[in-house]
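Peer 1: Contents of final33.pdb (PDB, C-alpha atoms and all ligand atoms) are below:
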```pdb
ATOM      1  CA  MET G   1     -17.505  -4.861  -4.401  1.00  0.00           C
ATOM      2  CA  LYS G   2     -14.812  -7.449  -3.775  1.00  0.00           C
ATOM      3  CA  ILE G   3     -12.484  -5.467  -5.960  1.00  0.00           C
ATOM      4  CA  LEU G   4     -12.523  -2.715  -3.322  1.00  0.00           C
ATOM      5  CA  LYS G   5     -11.577  -4.982  -0.440  1.00  0.00           C
ATOM      6  CA  PRO G   6      -8.024  -5.176   0.837  1.00  0.00           C
ATOM      7  CA  ALA G   7      -6.677  -8.652   1.491  1.00  0.00           C
ATOM      8  CA  ARG G   8      -5.457  -7.409   4.824  1.00  0.00           C
ATOM      9  CA  ARG G   9      -5.669  -4.336   7.026  1.00  0.00           C
ATOM     10  CA  VAL G  10      -3.105  -3.084   9.488  1.00  0.00           C
ATOM     11  CA  ASP G  11      -2.810   0.099  11.446  1.00  0.00           C
ATOM     12  CA  ALA G  12       0.533   1.204   9.998  1.00  0.00           C
ATOM     13  CA  VAL G  13       3.313   0.027   7.699  1.00  0.00           C
ATOM     14  CA  PRO G  14       5.637  -1.317  10.446  1.00  0.00           C
ATOM     15  CA  GLN G  15       2.921  -3.821  11.390  1.00  0.00           C
ATOM     16  CA  VAL G  16       3.483  -5.623   8.119  1.00  0.00           C
ATOM     17  CA  ASN G  17       5.774  -8.393   9.272  1.00  0.00           C
ATOM     18  CA  VAL G  18       8.777  -8.580   6.952  1.00  0.00           C
ATOM     19  CA  ALA G  19       9.753 -12.096   8.021  1.00  0.00           C
ATOM     20  CA  GLU G  20       6.219 -13.175   7.170  1.00  0.00           C
ATOM     21  CA  LEU G  21       6.495 -11.621   3.708  1.00  0.00           C
ATOM     22  CA  VAL G  22       9.743 -13.500   3.157  1.00  0.00           C
ATOM     23  CA  ALA G  23       8.109 -16.735   4.292  1.00  0.00           C
ATOM     24  CA  GLN G  24       5.314 -16.169   1.783  1.00  0.00           C
ATOM     25  CA  GLY G  25       7.833 -15.740  -1.019  1.00  0.00           C
ATOM     26  CA  VAL G  26       7.211 -12.025  -1.513  1.00  0.00           C
ATOM     27  CA  GLN G  27      10.002 -10.418  -3.521  1.00  0.00           C
ATOM     28  CA  GLY G  28       8.677  -6.955  -4.185  1.00  0.00           C
ATOM     29  CA  VAL G  29       6.615  -4.306  -2.435  1.00  0.00           C
ATOM     30  CA  ILE G  30       4.760  -1.565  -4.258  1.00  0.00           C
ATOM     31  CA  ILE G  31       4.034   1.145  -1.751  1.00  0.00           C
ATOM     32  CA  ASP G  32       2.107   4.394  -1.729  1.00  0.00           C
ATOM     33  CA  LEU G  33       3.802   7.556  -0.477  1.00  0.00           C
ATOM     34  CA  ASP G  34       1.410  10.135   0.982  1.00  0.00           C
ATOM     35  CA  ASN G  35      -0.123   9.106   4.279  1.00  0.00           C
ATOM     36  CA  THR G  36       1.392   5.620   3.955  1.00  0.00           C
ATOM     37  CA  LEU G  37       5.152   6.267   4.282  1.00  0.00           C
ATOM     38  CA  THR G  38       4.987   9.919   5.294  1.00  0.00           C
ATOM     39  CA  GLU G  39       2.432  12.570   6.014  1.00  0.00           C
ATOM     40  CA  TRP G  40       0.861  14.144   2.955  1.00  0.00           C
ATOM     41  CA  ASN G  41       3.416  16.305   1.110  1.00  0.00           C
ATOM     42  CA  GLU G  42       5.983  15.912   3.912  1.00  0.00           C
ATOM     43  CA  ASN G  43       9.398  14.328   3.673  1.00  0.00           C
ATOM     44  CA  HIS G  44       9.894  13.375   7.275  1.00  0.00           C
ATOM     45  CA  LEU G  45      10.271   9.641   7.667  1.00  0.00           C
ATOM     46  CA  CYS G  46       9.490   8.355  11.155  1.00  0.00           C
ATOM     47  CA  PRO G  47      12.133   6.043  12.702  1.00  0.00           C
ATOM     48  CA  GLU G  48       9.769   3.044  12.786  1.00  0.00           C
ATOM     49  CA  ILE G  49       9.097   3.201   9.055  1.00  0.00           C
ATOM     50  CA  ALA G  50      12.778   3.901   8.292  1.00  0.00           C
ATOM     51  CA  CYS G  51      13.618   0.784  10.286  1.00  0.00           C
ATOM     52  CA  TRP G  52      10.981  -1.229   8.407  1.00  0.00           C
ATOM     53  CA  LEU G  53      12.390  -0.102   5.057  1.00  0.00           C
ATOM     54  CA  GLU G  54      15.845  -1.155   6.201  1.00  0.00           C
ATOM     55  CA  GLU G  55      14.498  -4.549   7.194  1.00  0.00           C
ATOM     56  CA  LEU G  56      12.992  -5.008   3.728  1.00  0.00           C
ATOM     57  CA  LYS G  57      16.367  -4.227   2.210  1.00  0.00           C
ATOM     58  CA  CYS G  58      18.153  -6.673   4.510  1.00  0.00           C
ATOM     59  CA  HIS G  59      15.805  -9.430   3.403  1.00  0.00           C
ATOM     60  CA  GLY G  60      16.300  -8.627  -0.262  1.00  0.00           C
ATOM     61  CA  ILE G  61      12.739  -7.445  -0.835  1.00  0.00           C
ATOM     62  CA  LYS G  62      12.692  -4.731  -3.459  1.00  0.00           C
ATOM     63  CA  LEU G  63      10.644  -1.580  -3.093  1.00  0.00           C
ATOM     64  CA  CYS G  64       8.907   0.668  -5.584  1.00  0.00           C
ATOM     65  CA  ILE G  65       7.078   3.810  -4.504  1.00  0.00           C
ATOM     66  CA  LEU G  66       3.957   4.239  -6.611  1.00  0.00           C
ATOM     67  CA  SER G  67       2.341   7.624  -6.173  1.00  0.00           C
ATOM     68  CA  ASN G  68      -0.213   9.804  -7.894  1.00  0.00           C
ATOM     69  CA  ASN G  69       1.711  12.822  -6.646  1.00  0.00           C
ATOM     70  CA  LYS G  70       4.032  14.921  -8.789  1.00  0.00           C
ATOM     71  CA  GLU G  71       7.481  13.886  -9.997  1.00  0.00           C
ATOM     72  CA  LYS G  72       9.417  16.335  -7.845  1.00  0.00           C
ATOM     73  CA  ARG G  73       7.694  15.366  -4.645  1.00  0.00           C
ATOM     74  CA  VAL G  74       8.050  11.629  -5.207  1.00  0.00           C
ATOM     75  CA  GLN G  75      11.606  11.800  -6.517  1.00  0.00           C
ATOM     76  CA  THR G  76      12.844  13.807  -3.538  1.00  0.00           C
ATOM     77  CA  PHE G  77      11.463  11.274  -1.134  1.00  0.00           C
ATOM     78  CA  ALA G  78      12.463   8.182  -3.098  1.00  0.00           C
ATOM     79  CA  GLU G  79      16.047   9.412  -3.231  1.00  0.00           C
ATOM     80  CA  THR G  80      16.233   9.757   0.526  1.00  0.00           C
ATOM     81  CA  CYS G  81      15.331   6.109   0.968  1.00  0.00           C
ATOM     82  CA  GLY G  82      17.041   4.773  -2.135  1.00  0.00           C
ATOM     83  CA  ALA G  83      13.894   3.303  -3.669  1.00  0.00           C
ATOM     84  CA  THR G  84      12.721   3.185  -7.247  1.00  0.00           C
ATOM     85  CA  TYR G  85       9.580   5.171  -7.886  1.00  0.00           C
ATOM     86  CA  ILE G  86       6.797   6.013 -10.283  1.00  0.00           C
ATOM     87  CA  SER G  87       5.102   9.396  -9.937  1.00  0.00           C
ATOM     88  CA  ASN G  88       1.881  10.649 -11.571  1.00  0.00           C
ATOM     89  CA  ALA G  89       0.850   6.997 -11.475  1.00  0.00           C
ATOM     90  CA  ARG G  90      -2.862   7.607 -12.012  1.00  0.00           C
ATOM     91  CA  LYS G  91      -3.851   4.849  -9.643  1.00  0.00           C
ATOM     92  CA  PRO G  92      -6.209   2.946  -9.776  1.00  0.00           C
ATOM     93  CA  ARG G  93      -5.131   2.450 -13.381  1.00  0.00           C
ATOM     94  CA  ARG G  94      -3.276  -0.799 -13.839  1.00  0.00           C
ATOM     95  CA  ARG G  95      -0.494   0.652 -15.884  1.00  0.00           C
ATOM     96  CA  GLY G  96       1.471   2.021 -12.927  1.00  0.00           C
ATOM     97  CA  PHE G  97       1.268  -1.283 -11.052  1.00  0.00           C
ATOM     98  CA  LEU G  98       2.439  -3.208 -14.101  1.00  0.00           C
ATOM     99  CA  ARG G  99       5.305  -0.784 -14.660  1.00  0.00           C
ATOM    100  CA  ALA G 100       6.270  -1.063 -10.999  1.00  0.00           C
ATOM    101  CA  MET G 101       6.424  -4.869 -11.262  1.00  0.00           C
ATOM    102  CA  SER G 102       8.514  -4.573 -14.371  1.00  0.00           C
ATOM    103  CA  LEU G 103      10.943  -2.255 -12.516  1.00  0.00           C
ATOM    104  CA  LEU G 104      11.063  -4.679  -9.602  1.00  0.00           C
ATOM    105  CA  GLY G 105      11.333  -7.736 -11.812  1.00  0.00           C
ATOM    106  CA  THR G 106       8.435  -9.369  -9.963  1.00  0.00           C
ATOM    107  CA  THR G 107       5.045 -10.886 -10.803  1.00  0.00           C
ATOM    108  CA  PRO G 108       1.571 -10.519  -9.226  1.00  0.00           C
ATOM    109  CA  GLU G 109       2.205 -13.749  -7.310  1.00  0.00           C
ATOM    110  CA  ASN G 110       5.218 -12.423  -5.428  1.00  0.00           C
ATOM    111  CA  THR G 111       4.376  -8.737  -5.073  1.00  0.00           C
ATOM    112  CA  VAL G 112       2.298  -6.947  -2.459  1.00  0.00           C
ATOM    113  CA  VAL G 113       0.750  -3.497  -2.540  1.00  0.00           C
ATOM    114  CA  ILE G 114       0.597  -1.323   0.555  1.00  0.00           C
ATOM    115  CA  GLY G 115      -1.371   1.908   0.664  1.00  0.00           C
ATOM    116  CA  ASP G 116      -3.837   3.990   2.629  1.00  0.00           C
ATOM    117  CA  GLN G 117      -6.592   4.472   0.060  1.00  0.00           C
ATOM    118  CA  VAL G 118      -9.263   2.051  -1.105  1.00  0.00           C
ATOM    119  CA  PHE G 119     -10.066   3.741  -4.410  1.00  0.00           C
ATOM    120  CA  THR G 120      -6.479   4.095  -5.587  1.00  0.00           C
ATOM    121  CA  ASP G 121      -4.107   1.644  -3.865  1.00  0.00           C
ATOM    122  CA  VAL G 122      -6.475  -1.231  -3.102  1.00  0.00           C
ATOM    123  CA  LEU G 123      -8.601  -0.963  -6.237  1.00  0.00           C
ATOM    124  CA  GLY G 124      -5.569  -0.642  -8.515  1.00  0.00           C
ATOM    125  CA  GLY G 125      -3.710  -3.450  -6.770  1.00  0.00           C
ATOM    126  CA  ASN G 126      -6.695  -5.791  -6.891  1.00  0.00           C
ATOM    127  CA  ARG G 127      -7.323  -4.979 -10.538  1.00  0.00           C
ATOM    128  CA  SER G 128      -3.728  -5.943 -11.237  1.00  0.00           C
ATOM    129  CA  GLY G 129      -4.077  -9.254  -9.396  1.00  0.00           C
ATOM    130  CA  LEU G 130      -1.876  -8.269  -6.457  1.00  0.00           C
ATOM    131  CA  TYR G 131      -2.147  -8.932  -2.744  1.00  0.00           C
ATOM    132  CA  THR G 132      -3.289  -5.659  -1.153  1.00  0.00           C
ATOM    133  CA  ILE G 133      -2.655  -4.362   2.348  1.00  0.00           C
ATOM    134  CA  LEU G 134      -4.534  -1.297   3.548  1.00  0.00           C
ATOM    135  CA  VAL G 135      -3.016   0.883   6.265  1.00  0.00           C
ATOM    136  CA  ASN G 136      -4.671   3.674   8.203  1.00  0.00           C
ATOM    137  CA  PRO G 137      -3.597   7.110   6.965  1.00  0.00           C
ATOM    138  CA  ILE G 138      -0.708   8.537   8.996  1.00  0.00           C
ATOM    139  CA  SER G 139      -2.402  11.887   9.350  1.00  0.00           C
ATOM    140  CA  ARG G 140      -5.814  13.399   8.794  1.00  0.00           C
ATOM    141  CA  ARG G 141      -4.247  16.201   6.813  1.00  0.00           C
ATOM    142  CA  GLU G 142      -4.701  15.447   3.123  1.00  0.00           C
ATOM    143  CA  PHE G 143      -5.808  16.623  -0.286  1.00  0.00           C
ATOM    144  CA  ILE G 144      -9.377  17.949  -0.098  1.00  0.00           C
ATOM    145  CA  GLY G 145     -10.600  15.495  -2.737  1.00  0.00           C
ATOM    146  CA  THR G 146      -9.229  12.630  -0.678  1.00  0.00           C
ATOM    147  CA  ARG G 147     -11.113  13.786   2.389  1.00  0.00           C
ATOM    148  CA  LEU G 148     -14.398  13.456   0.514  1.00  0.00           C
ATOM    149  CA  VAL G 149     -13.465  10.007  -0.768  1.00  0.00           C
ATOM    150  CA  ARG G 150     -12.797   8.833   2.805  1.00  0.00           C
ATOM    151  CA  ARG G 151     -16.541   8.874   3.492  1.00  0.00           C
ATOM    152  CA  LEU G 152     -17.108   6.378   0.690  1.00  0.00           C
ATOM    153  CA  GLU G 153     -14.163   4.303   1.917  1.00  0.00           C
ATOM    154  CA  ARG G 154     -15.762   3.991   5.314  1.00  0.00           C
ATOM    155  CA  LEU G 155     -18.914   2.619   3.705  1.00  0.00           C
ATOM    156  CA  VAL G 156     -16.985   0.089   1.666  1.00  0.00           C
ATOM    157  CA  LEU G 157     -14.827  -1.045   4.578  1.00  0.00           C
ATOM    158  CA  ARG G 158     -17.778  -1.687   6.807  1.00  0.00           C
ATOM    159  CA  GLU G 159     -18.080  -5.101   5.190  1.00  0.00           C
ATOM    160  CA  ARG G 160     -15.647  -7.791   6.245  1.00  0.00           C
ATOM    161  CA  GLN G 161     -12.701  -8.668   4.050  1.00  0.00           C
ATOM    162  CA  PRO G 162     -12.821 -11.758   1.827  1.00  0.00           C
ATOM    163  CA  ARG G 163     -11.651 -14.964   3.454  1.00  0.00           C
ATOM    164  CA  ARG G 164      -9.992 -16.474   0.433  1.00  0.00           C
ATOM    165  CA  TRP G 165      -7.261 -13.827   0.378  1.00  0.00           C
ATOM    166  CA  ARG G 166      -6.467 -14.361   4.002  1.00  0.00           C
ATOM    167  CA  LYS G 167      -6.225 -18.077   3.405  1.00  0.00           C
ATOM    168  CA  ARG G 168      -4.002 -17.716   0.401  1.00  0.00           C
ATOM    169  CA  PHE G 169      -1.309 -15.569   1.939  1.00  0.00           C
ATOM    170  CA  PHE G 170      -1.411 -15.575   5.675  1.00  0.00           C
ATOM    171  CA  ARG G 171      -2.612 -19.011   6.682  1.00  0.00           C
ATOM    172  CA  GLN G 172      -2.776 -19.659  10.408  1.00  0.00           C
ATOM    173  CA  LYS G 173      -1.361 -16.252  11.183  1.00  0.00           C
ATOM    174  CA  THR G 174      -2.276 -13.904  13.977  1.00  0.00           C
ATOM    175  CA  LYS G 175      -5.423 -11.841  13.943  1.00  0.00           C
ATOM    176  CA  GLU G 176      -3.374  -8.687  14.069  1.00  0.00           C
ATOM    177  CA  GLY G 177      -4.733  -6.018  11.770  1.00  0.00           C
ATOM    178  CA  GLN G 178      -8.045  -7.689  11.113  1.00  0.00           C
ATOM    179  CA  PRO G 179     -10.954  -5.261  11.348  1.00  0.00           C
TER     180      PRO G 179
HETATM  181 MG    MG J 201      -1.891   7.775   0.080  1.00  0.00          MG
END
```
Take the structure I supplied and represent it as structure tokens, if you would.

Peer 2:
Amino acid sequence: MKILKPARRVDAVPQVNVAELVAQGVQGVIIDLDNTLTEWNENHLCPEIACWLEELKCHGIKLCILSNNKEKRVQTFAETCGATYISNARKPRRRGFLRAMSLLGTTPENTVVIGDQVFTDVLGGNRSGLYTILVNPISRREFIGTRLVRRLERLVLRERQPRRWRKRFFRQKTKEGQP
């Protein structure tokens, strides 16, 4: 079940400390779209997340949006924030994560994955050897299939996250975001 555990959990994307990522040598972020950056099928970007994206840019961390949603939806959003993207990614398959790293020019050692779903973002990221950060979904409004999967997620997340991941990336850091 370890493969379903995120290395870290935070409430929302802006709680991922960019300076901390830089300090850990992170060069690329693979991020989910729906319910991670925006509400499901919405294009509105809240000021806090817009600010966070800007901070990433300022620190030279590259961003790739990796989404299972359709091309048009993902492209429209990616263009507004000037990010590269991969749509119809079929997460948790590894292929999308590997393609994203190839677009970013990064490796599993210096790339993190951020997303709101255990069975797509976390599972796919872990399978690809990446550091995974799980956020709470922005909104409860989502695809009906996802709503059913959330029940299973809650079961999986009841267990504590593995220590070794915490040690590896965020040694002696705050307890912020820990369940
Ligand atoms: Mg999502």

Peer 1: Can you measure atom CA of Leu37 of chain G to atom CA of Leu103 of chain G for me? One decimal in Å is fine.

Peer 2: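 Atom CA of Leu103 of chain G lies 19.7 Å from atom CA of Leu37 of chain G.
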
Peer 1: When you count all atoms listed in the file, which of these residues is closest to Ile30 of chain G: G:Ala12, G:Cys64, G:Leu104, G:Ala7?

Peer 2: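 Counting all atoms listed in the file, the residue closest to Ile30 of chain G is G:Cys64.
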
Peer 1: Please expand the PyMOL selection byres (((chain G and resi 107-116) around 7) and not hetatm) into the concrete residues it hits in this file, giving the result as a short mmCIF file (atom, residue, chain, number, x, y, z; two decimals) with C-alpha atoms, keeping the file's coordinate frame.

Peer 2:
```cif
data_model
loop_
_atom_site.label_atom_id
_atom_site.label_comp_id
_atom_site.auth_asym_id
_atom_site.auth_seq_id
_atom_site.Cartn_x
_atom_site.Cartn_y
_atom_site.Cartn_z
CA GLY G 25 7.83 -15.74 -1.02
CA VAL G 26 7.21 -12.02 -1.51
CA GLN G 27 10.00 -10.42 -3.52
CA GLY G 28 8.68 -6.96 -4.18
CA VAL G 29 6.62 -4.31 -2.44
CA ILE G 30 4.76 -1.56 -4.26
CA ILE G 31 4.03 1.14 -1.75
CA ASP G 32 2.11 4.39 -1.73
CA ASN G 35 -0.12 9.11 4.28
CA THR G 36 1.39 5.62 3.96
CA MET G 101 6.42 -4.87 -11.26
CA THR G 106 8.44 -9.37 -9.96
CA GLN G 117 -6.59 4.47 0.06
CA VAL G 118 -9.26 2.05 -1.10
CA ASP G 121 -4.11 1.64 -3.86
CA GLY G 125 -3.71 -3.45 -6.77
CA GLY G 129 -4.08 -9.25 -9.40
CA LEU G 130 -1.88 -8.27 -6.46
CA TYR G 131 -2.15 -8.93 -2.74
CA THR G 132 -3.29 -5.66 -1.15
CA ILE G 133 -2.66 -4.36 2.35
CA LEU G 134 -4.53 -1.30 3.55
CA VAL G 135 -3.02 0.88 6.26
CA ASN G 136 -4.67 3.67 8.20
CA PRO G 137 -3.60 7.11 6.96
#
```

Peer 1: For the file shown, what are the residues hit by the PyMOL selection byres (((chain G and resi 87-100) around 8) and not hetatm), laid out as a list of chain:residue names?

Peer 2: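 This file gives the following for the PyMOL selection byres (((chain G and resi 87-100) around 8) and not hetatm): G:Ile30, G:Cys64, G:Leu66, G:Ser67, G:Asn68, G:Asn69, G:Lys70, G:Glu71, G:Val74, G:Gln75, G:Tyr85, G:Ile86, G:Met101, G:Ser102, G:Leu103, G:Leu104, G:Phe119, G:Thr120, G:Asp121, G:Val122, G:Leu123, G:Gly124, G:Gly125, G:Arg127, G:Ser128.
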
Peer 1: For C-alpha atoms, I'd like the residues from the last selection saved as a JSON list (two decimals), in the coordinates of the input.

Peer 2:
```json
[["chain", "number", "residue", "atom", "x", "y", "z"],
["G", 30, "ILE", "CA", 4.76, -1.56, -4.26],
["G", 64, "CYS", "CA", 8.91, 0.67, -5.58],
["G", 66, "LEU", "CA", 3.96, 4.24, -6.61],
["G", 67, "SER", "CA", 2.34, 7.62, -6.17],
["G", 68, "ASN", "CA", -0.21, 9.80, -7.89],
["G", 69, "ASN", "CA", 1.71, 12.82, -6.65],
["G", 70, "LYS", "CA", 4.03, 14.92, -8.79],
["G", 71, "GLU", "CA", 7.48, 13.89, -10.00],
["G", 74, "VAL", "CA", 8.05, 11.63, -5.21],
["G", 75, "GLN", "CA", 11.61, 11.80, -6.52],
["G", 85, "TYR", "CA", 9.58, 5.17, -7.89],
["G", 86, "ILE", "CA", 6.80, 6.01, -10.28],
["G", 101, "MET", "CA", 6.42, -4.87, -11.26],
["G", 102, "SER", "CA", 8.51, -4.57, -14.37],
["G", 103, "LEU", "CA", 10.94, -2.26, -12.52],
["G", 104, "LEU", "CA", 11.06, -4.68, -9.60],
["G", 119, "PHE", "CA", -10.07, 3.74, -4.41],
["G", 120, "THR", "CA", -6.48, 4.10, -5.59],
["G", 121, "ASP", "CA", -4.11, 1.64, -3.86],
["G", 122, "VAL", "CA", -6.48, -1.23, -3.10],
["G", 123, "LEU", "CA", -8.60, -0.96, -6.24],
["G", 124, "GLY", "CA", -5.57, -0.64, -8.52],
["G", 125, "GLY", "CA", -3.71, -3.45, -6.77],
["G", 127, "ARG", "CA", -7.32, -4.98, -10.54],
["G", 128, "SER", "CA", -3.73, -5.94, -11.24]]
```

Peer 1: Would you compute the distance between atom CA of Glu79 of chain G and atom CA of Ala23 of chain G? Give it in Å to one decimal.

Peer 2: 28.3 Å

Peer 1: In the coordinates of the file, take the point (15.8, 10.6, 3.3) and a cut-off of 12 Å; then, counting only C-alpha atoms, name each qualifying protein, DNA or RNA residue as a PyMOL selection string.

Peer 2: chain G and resi 37-38+42-47+49-50+53+74-83

Peer 1: Would you kindly return, as a list in words, each protein, DNA or RNA residue with an atom no farther than 12 Å from any atom of Arg154 of chain G, considering all atoms listed in the file and excluding same-chain residues fewer than 3 positions away?

Peer 2: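 Contacts, in chain order: Leu4, Lys5, Gln117, Val118, Phe119, Asn136, Arg147, Leu148, Val149, Arg150, Arg151, Leu157, Arg158, Glu159 and Arg160 of chain G.
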
Peer 1: Separation of atom CA of Ile65 of chain G and atom CA of Leu33 of chain G, in Å?

Peer 2: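 Separating atom CA of Ile65 of chain G from atom CA of Leu33 of chain G is a distance of 6.4 Å.
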
Peer 1: May I have the centre and edge lengths, in Å to one decimal, of an axis-aligned box around the listed atoms of segment 69-82 of chain G with 4 Å added to every side, as AutoDock Vina command-line options?

Peer 2:
```
--center_x 9.4 --center_y 10.6 --center_z -4.5 --size_x 23.3 --size_y 19.6 --size_z 19.0
```

Peer 1: Using all atoms listed in the file for the distances, tell me which of G:Ile138, G:Val22, G:Leu155, G:Met1 is nearest to ligand MG 201 (chain J).

Peer 2: G:Ile138
